[in-house]
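**Student:** Pasting final.txt below, which is compact mmCIF, C-alpha atoms.
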# COMPACT_ATOMS: atom_id res chain seq x y z
CA MET T 146 20.82 10.90 -9.91
CA ILE T 147 18.33 8.44 -11.37
CA PRO T 148 14.89 10.13 -11.45
CA ARG T 149 12.33 8.43 -9.23
CA THR T 150 9.24 7.26 -11.11
CA LEU T 151 7.54 5.61 -8.14
CA PHE T 152 5.33 8.54 -7.19
CA ASN T 153 2.83 10.62 -9.11
CA ALA T 154 1.82 14.26 -8.59
CA ASP T 155 -0.77 13.33 -5.96
CA HIS T 156 1.84 11.47 -3.91
CA GLU T 157 4.17 14.49 -4.05
CA ALA T 158 1.34 16.83 -3.04
CA PHE T 159 0.72 14.56 -0.08
CA ARG T 160 4.44 14.71 0.75
CA ASP T 161 4.26 18.50 0.92
CA SER T 162 1.16 18.33 3.11
CA PHE T 163 2.70 15.85 5.52
CA ARG T 164 5.92 17.89 5.69
CA ARG T 165 3.88 20.90 6.80
CA PHE T 166 2.23 18.74 9.46
CA MET T 167 5.64 17.56 10.69
CA ASP T 168 7.01 21.10 10.76
CA LYS T 169 4.09 22.24 12.90
CA GLU T 170 3.16 19.26 15.07
CA ILE T 171 6.31 17.13 15.39
CA ALA T 172 9.58 19.00 14.79
CA PRO T 173 9.18 21.59 17.60
CA PHE T 174 8.47 18.91 20.20
CA HIS T 175 10.47 15.82 19.28
CA GLU T 176 13.53 16.72 21.36
CA ALA T 177 11.33 17.13 24.46
CA TRP T 178 9.65 13.82 23.67
CA GLU T 179 13.06 12.16 23.60
CA GLU T 180 13.67 13.48 27.09
CA GLN T 181 10.35 12.20 28.45
CA GLY T 182 10.56 8.85 26.63
CA TYR T 183 7.32 9.06 24.65
CA VAL T 184 5.46 11.35 22.29
CA ASP T 185 2.43 13.27 23.47
CA ARG T 186 -0.83 11.48 22.84
CA GLU T 187 -2.24 14.52 21.05
CA VAL T 188 0.07 13.97 18.07
CA TRP T 189 -1.88 10.77 17.36
CA ARG T 190 -5.25 12.52 17.44
CA LYS T 191 -4.00 15.37 15.27
CA ALA T 192 -2.65 12.91 12.71
CA GLY T 193 -6.01 11.16 12.68
CA ALA T 194 -7.90 14.42 12.27
CA ASN T 195 -5.72 15.29 9.27
CA GLY T 196 -6.18 11.90 7.62
CA PHE T 197 -2.59 10.75 8.21
CA LEU T 198 -3.44 7.43 9.93
CA CYS T 199 -4.60 4.19 8.27
CA MET T 200 -4.72 5.90 4.88
CA THR T 201 -4.74 2.59 2.99
CA MET T 202 -7.74 1.24 4.89
CA PRO T 203 -11.10 1.29 3.04
CA GLU T 204 -13.22 4.42 3.37
CA ALA T 205 -15.98 2.30 4.90
CA HIS T 206 -13.65 1.63 7.84
CA GLY T 207 -12.39 5.18 8.34
CA GLY T 208 -9.45 5.18 5.94
CA ALA T 209 -8.96 6.91 2.61
CA GLY T 210 -8.69 3.84 0.38
CA ALA T 211 -5.26 5.15 -0.70
CA ASP T 212 -2.52 3.03 -2.24
CA LYS T 213 0.50 1.97 -0.19
CA LEU T 214 2.72 4.60 -1.78
CA TYR T 215 1.12 7.28 0.38
CA SER T 216 2.33 5.37 3.42
CA VAL T 217 5.75 5.00 1.78
CA VAL T 218 5.91 8.79 1.44
CA GLN T 219 5.02 9.19 5.11
CA MET T 220 7.67 6.67 6.19
CA GLU T 221 10.31 8.43 4.09
CA GLU T 222 9.49 11.84 5.52
CA LEU T 223 9.53 10.69 9.14
CA ALA T 224 12.86 8.94 8.59
CA ARG T 225 14.29 11.96 6.75
CA GLY T 226 13.40 14.18 9.69
CA GLY T 227 14.76 11.74 12.26
CA PHE T 228 11.37 11.60 13.97
CA THR T 229 11.79 8.06 15.26
CA GLY T 230 9.39 8.51 18.16
CA ILE T 231 6.41 8.57 15.81
CA GLY T 232 4.93 5.08 15.52
CA TYR T 233 2.46 5.79 12.73
CA GLY T 234 3.91 3.18 10.38
CA LEU T 235 3.46 0.23 12.71
CA HIS T 236 -0.02 1.44 13.70
CA SER T 237 -1.27 2.06 10.16
CA GLU T 238 0.66 -0.45 8.07
CA ILE T 239 1.13 -3.42 10.39
CA VAL T 240 -1.61 -3.44 13.04
CA ALA T 241 -4.48 -2.18 10.88
CA PRO T 242 -3.73 -4.51 7.92
CA TYR T 243 -3.83 -7.56 10.19
CA ILE T 244 -7.36 -6.59 11.19
CA LEU T 245 -8.34 -5.78 7.60
CA HIS T 246 -6.97 -8.99 6.12
CA TYR T 247 -7.86 -11.48 8.83
CA GLY T 248 -10.47 -9.88 11.07
CA THR T 249 -14.19 -10.54 11.13
CA GLU T 250 -16.53 -7.86 9.84
CA ALA T 251 -17.44 -7.01 13.43
CA GLN T 252 -13.75 -6.59 14.35
CA LYS T 253 -13.08 -4.39 11.31
CA SER T 254 -16.10 -2.20 12.02
CA LYS T 255 -15.20 -1.83 15.69
CA TYR T 256 -11.48 -1.17 15.56
CA LEU T 257 -10.39 0.24 12.19
CA PRO T 258 -12.29 3.57 12.48
CA LEU T 259 -10.83 4.10 15.96
CA LEU T 260 -7.32 3.43 14.69
CA ALA T 261 -7.87 5.77 11.74
CA SER T 262 -9.03 8.61 13.98
CA GLY T 263 -6.19 8.21 16.47
CA ASP T 264 -8.63 7.54 19.29
CA MET T 265 -6.95 4.15 19.60
CA VAL T 266 -3.22 3.51 19.27
CA GLY T 267 -2.29 0.07 17.98
CA ALA T 268 0.61 -2.27 18.75
CA ILE T 269 1.53 -5.85 17.95
CA ALA T 270 3.07 -8.10 20.59
CA MET T 271 5.34 -10.72 19.07
CA SER T 272 8.71 -10.61 20.85
CA GLU T 273 9.20 -12.25 24.24
CA PRO T 274 12.16 -12.37 26.63
CA ALA T 275 13.19 -15.70 25.05
CA ALA T 276 11.63 -15.37 21.58
CA GLY T 277 12.53 -12.58 19.18
CA SER T 278 13.32 -13.42 15.58
CA ASP T 279 12.25 -17.04 16.18
CA LEU T 280 8.49 -16.61 16.46
CA GLN T 281 8.03 -20.34 16.70
CA GLY T 282 9.51 -20.07 20.19
CA VAL T 283 6.63 -18.00 21.59
CA LYS T 284 5.66 -19.16 25.10
CA THR T 285 2.61 -16.96 25.74
CA THR T 286 -0.50 -19.13 25.79
CA ALA T 287 -4.20 -18.55 25.23
CA ILE T 288 -6.03 -21.70 26.31
CA GLN T 289 -9.70 -22.05 25.49
CA GLN T 290 -12.00 -22.57 28.46
CA ALA T 291 -15.23 -24.52 28.80
CA ASP T 292 -17.32 -21.39 28.19
CA GLY T 293 -15.53 -20.70 24.88
CA SER T 294 -13.38 -17.84 26.21
CA TYR T 295 -9.58 -17.89 26.26
CA LEU T 296 -7.23 -17.49 29.22
CA LEU T 297 -4.14 -15.51 28.18
CA ASN T 298 -0.89 -15.89 30.15
CA GLY T 299 2.66 -14.80 29.45
CA SER T 300 4.69 -11.68 28.69
CA LYS T 301 6.06 -9.68 25.80
CA THR T 302 8.95 -7.25 25.52
CA PHE T 303 10.35 -4.58 23.16
CA ILE T 304 6.81 -3.65 22.10
CA THR T 305 6.67 -0.48 19.98
CA ASN T 306 3.72 1.77 20.91
CA GLY T 307 3.26 -0.60 23.86
CA TRP T 308 2.90 2.05 26.54
CA HIS T 309 0.41 4.17 24.58
CA ALA T 310 -1.39 1.18 23.06
CA ASP T 311 -5.15 0.91 23.45
CA LEU T 312 -5.30 -2.17 21.23
CA VAL T 313 -2.65 -4.88 21.03
CA ILE T 314 -2.54 -7.81 18.64
CA VAL T 315 -1.08 -10.57 20.80
CA VAL T 316 0.68 -13.60 19.36
CA ALA T 317 -0.09 -16.61 21.56
CA LYS T 318 -0.13 -20.41 21.46
CA THR T 319 -3.66 -21.80 21.48
CA ASN T 320 -2.30 -25.32 20.99
CA PRO T 321 1.20 -25.37 22.52
CA ALA T 322 1.77 -28.99 21.53
CA ALA T 323 1.43 -28.10 17.84
CA GLY T 324 4.33 -25.63 17.77
CA ALA T 325 4.01 -22.95 15.10
CA LYS T 326 0.82 -24.59 13.82
CA GLY T 327 -0.82 -23.91 17.18
CA THR T 328 -0.36 -20.11 17.09
CA SER T 329 -3.24 -17.63 17.05
CA LEU T 330 -3.65 -13.84 17.17
CA PHE T 331 -5.82 -12.01 19.71
CA LEU T 332 -7.19 -8.48 19.99
CA LEU T 333 -6.51 -7.21 23.50
CA GLU T 334 -7.76 -3.84 24.73
CA SER T 335 -5.99 -1.74 27.34
CA GLY T 336 -7.77 -1.93 30.69
CA THR T 337 -8.73 -5.58 30.37
CA PRO T 338 -8.33 -7.20 33.81
CA GLY T 339 -5.01 -9.03 34.11
CA PHE T 340 -3.33 -7.02 31.34
CA GLY T 341 -0.43 -4.96 32.65
CA LYS T 342 2.11 -2.66 31.07
CA GLY T 343 5.64 -2.54 32.39
CA LYS T 344 8.00 0.39 32.48
CA ARG T 345 8.99 2.22 29.31
CA LEU T 346 12.29 0.68 28.28
CA LYS T 347 15.35 2.94 28.10
CA LYS T 348 17.13 2.32 24.82
CA LEU T 349 20.32 3.22 22.99
CA GLY T 350 18.26 5.11 20.41
CA LEU T 351 14.61 5.69 19.44
CA LYS T 352 14.35 7.55 22.72
CA ALA T 353 10.96 9.16 22.01
CA GLN T 354 9.40 5.83 21.06
CA ASP T 355 7.32 4.29 23.84
CA THR T 356 8.75 0.78 23.83
CA SER T 357 7.57 -1.31 26.77
CA GLU T 358 6.99 -4.69 28.35
CA LEU T 359 3.50 -6.24 28.47
CA PHE T 360 2.23 -8.81 30.99
CA PHE T 361 -0.76 -11.15 30.83
CA ASP T 362 -1.94 -12.75 34.05
CA ASN T 363 -5.02 -14.91 33.52
CA VAL T 364 -6.49 -12.40 31.08
CA LYS T 365 -9.95 -13.65 30.13
CA LEU T 366 -10.71 -12.94 26.48
CA PRO T 367 -14.12 -13.60 24.93
CA ALA T 368 -14.06 -15.79 21.83
CA GLU T 369 -14.82 -12.75 19.66
CA GLN T 370 -11.38 -11.31 20.51
CA LEU T 371 -9.68 -14.11 18.53
CA LEU T 372 -8.62 -12.28 15.37
CA GLY T 373 -10.70 -13.63 12.51
CA GLY T 374 -12.82 -15.80 14.77
CA ALA T 375 -12.77 -19.60 14.85
CA ALA T 376 -11.74 -19.79 11.18
CA GLN T 377 -8.36 -18.24 12.03
CA GLU T 378 -7.61 -20.27 15.17
CA ASN T 379 -4.15 -21.84 14.96
CA ARG T 380 -3.42 -19.92 11.73
CA GLY T 381 -1.54 -17.08 13.42
CA PHE T 382 1.90 -18.14 12.21
CA VAL T 383 0.66 -18.25 8.62
CA CYS T 384 -0.75 -14.72 9.02
CA LEU T 385 2.55 -13.48 10.44
CA MET T 386 4.54 -14.97 7.57
CA GLU T 387 2.19 -13.40 5.01
CA GLN T 388 2.60 -9.91 6.47
CA LEU T 389 6.31 -9.94 7.32
CA PRO T 390 7.54 -9.04 3.79
CA TRP T 391 5.73 -5.68 3.94
CA GLU T 392 6.95 -5.08 7.49
CA ARG T 393 10.53 -5.76 6.46
CA LEU T 394 10.28 -3.53 3.43
CA GLN T 395 9.10 -0.71 5.69
CA ILE T 396 12.38 -1.03 7.59
CA ALA T 397 14.30 -0.78 4.31
CA ILE T 398 12.30 2.30 3.24
CA GLY T 399 13.18 4.09 6.46
CA ALA T 400 16.80 2.98 6.25
CA VAL T 401 17.38 4.46 2.80
CA SER T 402 15.63 7.72 3.63
CA ALA T 403 17.56 8.13 6.89
CA ALA T 404 20.84 7.35 5.15
CA GLN T 405 20.18 9.96 2.47
CA ALA T 406 19.34 12.53 5.13
CA ALA T 407 22.62 11.77 6.89
CA ILE T 408 24.57 12.30 3.67
CA ASP T 409 22.78 15.60 3.04
CA TRP T 410 23.56 16.86 6.57
CA THR T 411 27.17 15.81 6.18
CA VAL T 412 27.65 17.47 2.79
CA ASP T 413 26.34 20.73 4.25
CA TYR T 414 28.63 20.38 7.28
CA VAL T 415 31.87 19.59 5.42
CA LYS T 416 31.34 22.55 3.11
CA GLU T 417 31.41 24.90 6.10
CA ARG T 418 33.77 23.21 8.55
CA LYS T 419 37.40 24.23 8.04
CA VAL T 420 40.51 22.27 8.98
CA PHE T 421 44.09 23.35 8.16
CA GLY T 422 42.75 26.40 6.38
CA GLN T 423 40.34 24.68 4.02
CA ALA T 424 36.88 23.15 4.10
CA VAL T 425 36.74 19.50 5.19
CA GLY T 426 34.83 18.84 1.97
CA ALA T 427 37.81 19.97 -0.09
CA PHE T 428 39.94 17.02 1.02
CA GLN T 429 40.03 14.15 -1.45
CA HIS T 430 39.31 11.59 1.24
CA THR T 431 36.09 13.38 2.24
CA ARG T 432 34.92 13.81 -1.35
CA TYR T 433 35.63 10.22 -2.30
CA GLN T 434 34.02 8.79 0.81
CA LEU T 435 30.84 10.80 0.32
CA ALA T 436 30.80 9.81 -3.35
CA GLU T 437 30.99 6.15 -2.35
CA LEU T 438 28.21 6.53 0.22
CA GLN T 439 25.96 8.39 -2.21
CA THR T 440 26.48 5.70 -4.84
CA GLN T 441 25.55 2.95 -2.40
CA VAL T 442 22.44 4.78 -1.20
CA GLN T 443 21.39 5.47 -4.80
CA VAL T 444 21.68 1.77 -5.62
CA ALA T 445 19.70 0.88 -2.50
CA ARG T 446 16.98 3.41 -3.34
CA VAL T 447 16.48 2.00 -6.83
CA PHE T 448 16.13 -1.50 -5.38
CA VAL T 449 13.73 -0.38 -2.67
CA ASP T 450 11.63 1.56 -5.18
CA LYS T 451 11.31 -1.61 -7.23
CA CYS T 452 10.28 -3.51 -4.11
CA CYS T 453 7.63 -0.85 -3.48
CA ASP T 454 6.33 -1.44 -6.99
CA LEU T 455 6.15 -5.14 -6.23
CA VAL T 456 4.37 -4.72 -2.89
CA SER T 457 1.84 -2.41 -4.56
CA ALA T 458 1.11 -5.23 -7.01
CA ASP T 459 1.06 -7.78 -4.17
CA GLN T 460 4.09 -9.51 -5.72
CA LEU T 461 6.81 -8.94 -3.12
CA ASP T 462 8.19 -12.29 -1.99
CA THR T 463 9.74 -13.08 1.36
CA ALA T 464 13.30 -13.54 0.10
CA THR T 465 13.37 -10.22 -1.78
CA ALA T 466 11.94 -8.35 1.21
CA SER T 467 14.59 -9.99 3.39
CA MET T 468 17.29 -8.81 0.98
CA ALA T 469 15.98 -5.25 1.18
CA LYS T 470 15.74 -5.29 4.97
CA TYR T 471 19.21 -6.68 5.61
CA TRP T 472 21.08 -4.81 2.89
CA CYS T 473 19.55 -1.40 3.54
CA SER T 474 19.79 -1.55 7.33
CA ASP T 475 23.42 -2.65 7.11
CA LEU T 476 24.06 0.21 4.71
CA GLN T 477 22.25 2.66 6.99
CA CYS T 478 24.59 1.81 9.85
CA GLN T 479 27.66 2.11 7.59
CA VAL T 480 26.54 5.53 6.37
CA MET T 481 25.82 6.80 9.87
CA ASP T 482 29.22 5.67 11.14
CA ALA T 483 31.07 7.30 8.26
CA CYS T 484 29.12 10.54 8.61
CA VAL T 485 29.72 10.74 12.36
CA GLN T 486 33.44 10.43 11.63
CA LEU T 487 33.28 13.31 9.16
CA PHE T 488 31.52 15.47 11.75
CA GLY T 489 34.41 14.80 14.14
CA GLY T 490 33.77 15.65 17.78
CA TYR T 491 30.47 17.30 16.92
CA GLY T 492 29.27 13.96 15.59
CA TYR T 493 29.36 12.70 19.17
CA MET T 494 27.19 15.50 20.54
CA TRP T 495 23.53 14.62 21.13
CA GLU T 496 22.20 17.96 19.90
CA TYR T 497 23.40 17.13 16.38
CA PRO T 498 20.89 15.12 14.29
CA ILE T 499 23.66 12.88 12.98
CA THR T 500 24.41 11.67 16.50
CA ARG T 501 20.81 10.72 17.18
CA ALA T 502 20.55 9.12 13.74
CA TYR T 503 23.62 7.00 14.54
CA ALA T 504 22.01 5.74 17.75
CA ASP T 505 18.62 5.20 16.13
CA ALA T 506 20.05 3.18 13.23
CA ARG T 507 21.51 0.29 15.19
CA VAL T 508 18.24 -1.46 16.01
CA GLN T 509 17.28 -1.61 12.33
CA ARG T 510 19.56 -4.65 11.97
CA ILE T 511 17.75 -6.37 14.86
CA TYR T 512 14.00 -5.83 14.80
CA GLY T 513 11.72 -7.23 12.12
CA GLY T 514 13.95 -10.30 12.25
CA THR T 515 17.71 -9.96 12.70
CA ASN T 516 19.83 -9.61 9.59
CA GLU T 517 21.27 -13.04 10.28
CA ILE T 518 17.74 -14.43 10.05
CA MET T 519 17.27 -12.50 6.78
CA LYS T 520 20.29 -14.28 5.33
CA GLU T 521 18.86 -17.60 6.48
CA VAL T 522 15.58 -16.83 4.71
CA ILE T 523 17.43 -15.85 1.52
CA SER T 524 19.67 -18.91 1.53
CA ARG T 525 16.70 -21.23 1.98
CA SER T 526 15.00 -19.62 -1.01
CA MET T 527 18.13 -20.66 -2.94
CA GLY T 528 17.67 -24.29 -1.92
CA LEU T 529 20.40 -24.11 0.71
CA GLY T 530 18.35 -24.97 3.79
CA GLY T 531 20.05 -26.11 6.95
CA ARG T 532 18.66 -28.54 9.45
Could you express the structure from this file as structure tokens?

**Tutor:**
Amino acid sequence: MIPRTLFNADHEAFRDSFRRFMDKEIAPFHEAWEEQGYVDREVWRKAGANGFLCMTMPEAHGGAGADKLYSVVQMEELARGGFTGIGYGLHSEIVAPYILHYGTEAQKSKYLPLLASGDMVGAIAMSEPAAGSDLQGVKTTAIQQADGSYLLNGSKTFITNGWHADLVIVVAKTNPAAGAKGTSLFLLESGTPGFGKGKRLKKLGLKAQDTSELFFDNVKLPAEQLLGGAAQENRGFVCLMEQLPWERLQIAIGAVSAAQAAIDWTVDYVKERKVFGQAVGAFQHTRYQLAELQTQVQVARVFVDKCCDLVSADQLDTATASMAKYWCSDLQCQVMDACVQLFGGYGYMWEYPITRAYADARVQRIYGGTNEIMKEVISRSMGLGGR
């Protein structure tokens, strides 16, 4: 295998530390969390107490001032373990960076330390019943009132961390007539009058992840809850486009790590499982198929590692991130399907990690922008834009 040069000794020491945390605080409970449909709130506070949340945020705001590769390590380890109920990545590397990059000093000082400690769980509300990958189609509105406040109305769906969330970044139209150019981002706290959370959604996979609907009925938001203040009004779509490459790369990171884990489980299984008097792994078909899968995952890992280098240097462009997201999530699903087949009937049993990994993988091709949208983004970067 090609040696990985992405991480240094400190990153690997962190990997060992986070693995010990997972072994103690996550692994023994994740199956029960899948049954109840959400992780226990305490796992957020324990992660915060151990410095595992918002690590890349500045020390002045409760973080560790670490580079993004520490978060990459964490994403890889959670994906390797199949711990898909844990929403640390979205909380620490999507929600918190929006506040850091676009928030006012008052907003940073108020919210980032609470996110870093785990006392607040963060979510971002983009998708709506009629607007998923096409964020320009958002219908939720936040209309400014005579007293300077905003009146928020609408609904969101498929919101990760939505049920636990204490703080939600809401994408809303402040100038509906302006289309995408009239979009803004708001900081909405749980318990605000008019803000309701719907039922936890029952999904094909990601069963321990608290995905939910959110409802806004004449929610009155003070002007200071507009992310970034007046300077960022109607700039929400620009902010979203700036942050989406990193979000999409995170999906690719998890995809490659999960795919490698699936191959490792399958190699172990086919060495032990016997059919017609010999191990399944002794059959040429099995060996060749696993060789093909391992080659594809190795190629994907090298590409993703290069993308991680680029994002660390703030050089990852939208088209390249889209390539990583679509290619790696497609590959993840191909690997899971092939590995389930090699497990045979046991691959269809929920108690086997490969079965849960198969179910968890499917949404990777949908969220963060569907893979069809990724291809549209890539083709437009090639000068092949449609209408």

**Student:** Interatomic distance between CA of Val412 (chain T) and CA of Tyr493 (chain T)?

**Tutor:**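 The value is 17.1 Å.
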
**Student:** What's around Gly232 (chain T) at 10 Å? Count all atoms listed in the file, leave out sequence neighbours fewer than 2 positions away in its own chain, and write the answer as a PyMOL selection string.

**Tutor:** chain T and resi 184+189+220+223+228-230+234-237+266-268+305-306+353-355

**Student:** Can you tell me, as a ChimeraX atom specification, what residues are no more than 7 Å from region 427-443 of chain T when counting all atoms listed in the file, ignoring any on the same chain fewer than 2 positions away?

**Tutor:** /T:401,405,423-425,445-447,480

**Student:** Figure out the distance between CA of Glu170 (chain T) and CA of Ala154 (chain T), please, to one decimal in Å.

**Tutor:**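 Going from CA of Ala154 (chain T) over to CA of Glu170 (chain T) covers 24.2 Å.
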
**Student:** Which one is closest to Leu461 (chain T): T:Leu394, T:Ala483, T:Leu330, T:Val240? Count all atoms listed in the file.

**Tutor:**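 The closest residue to Leu461 (chain T) is T:Leu394.
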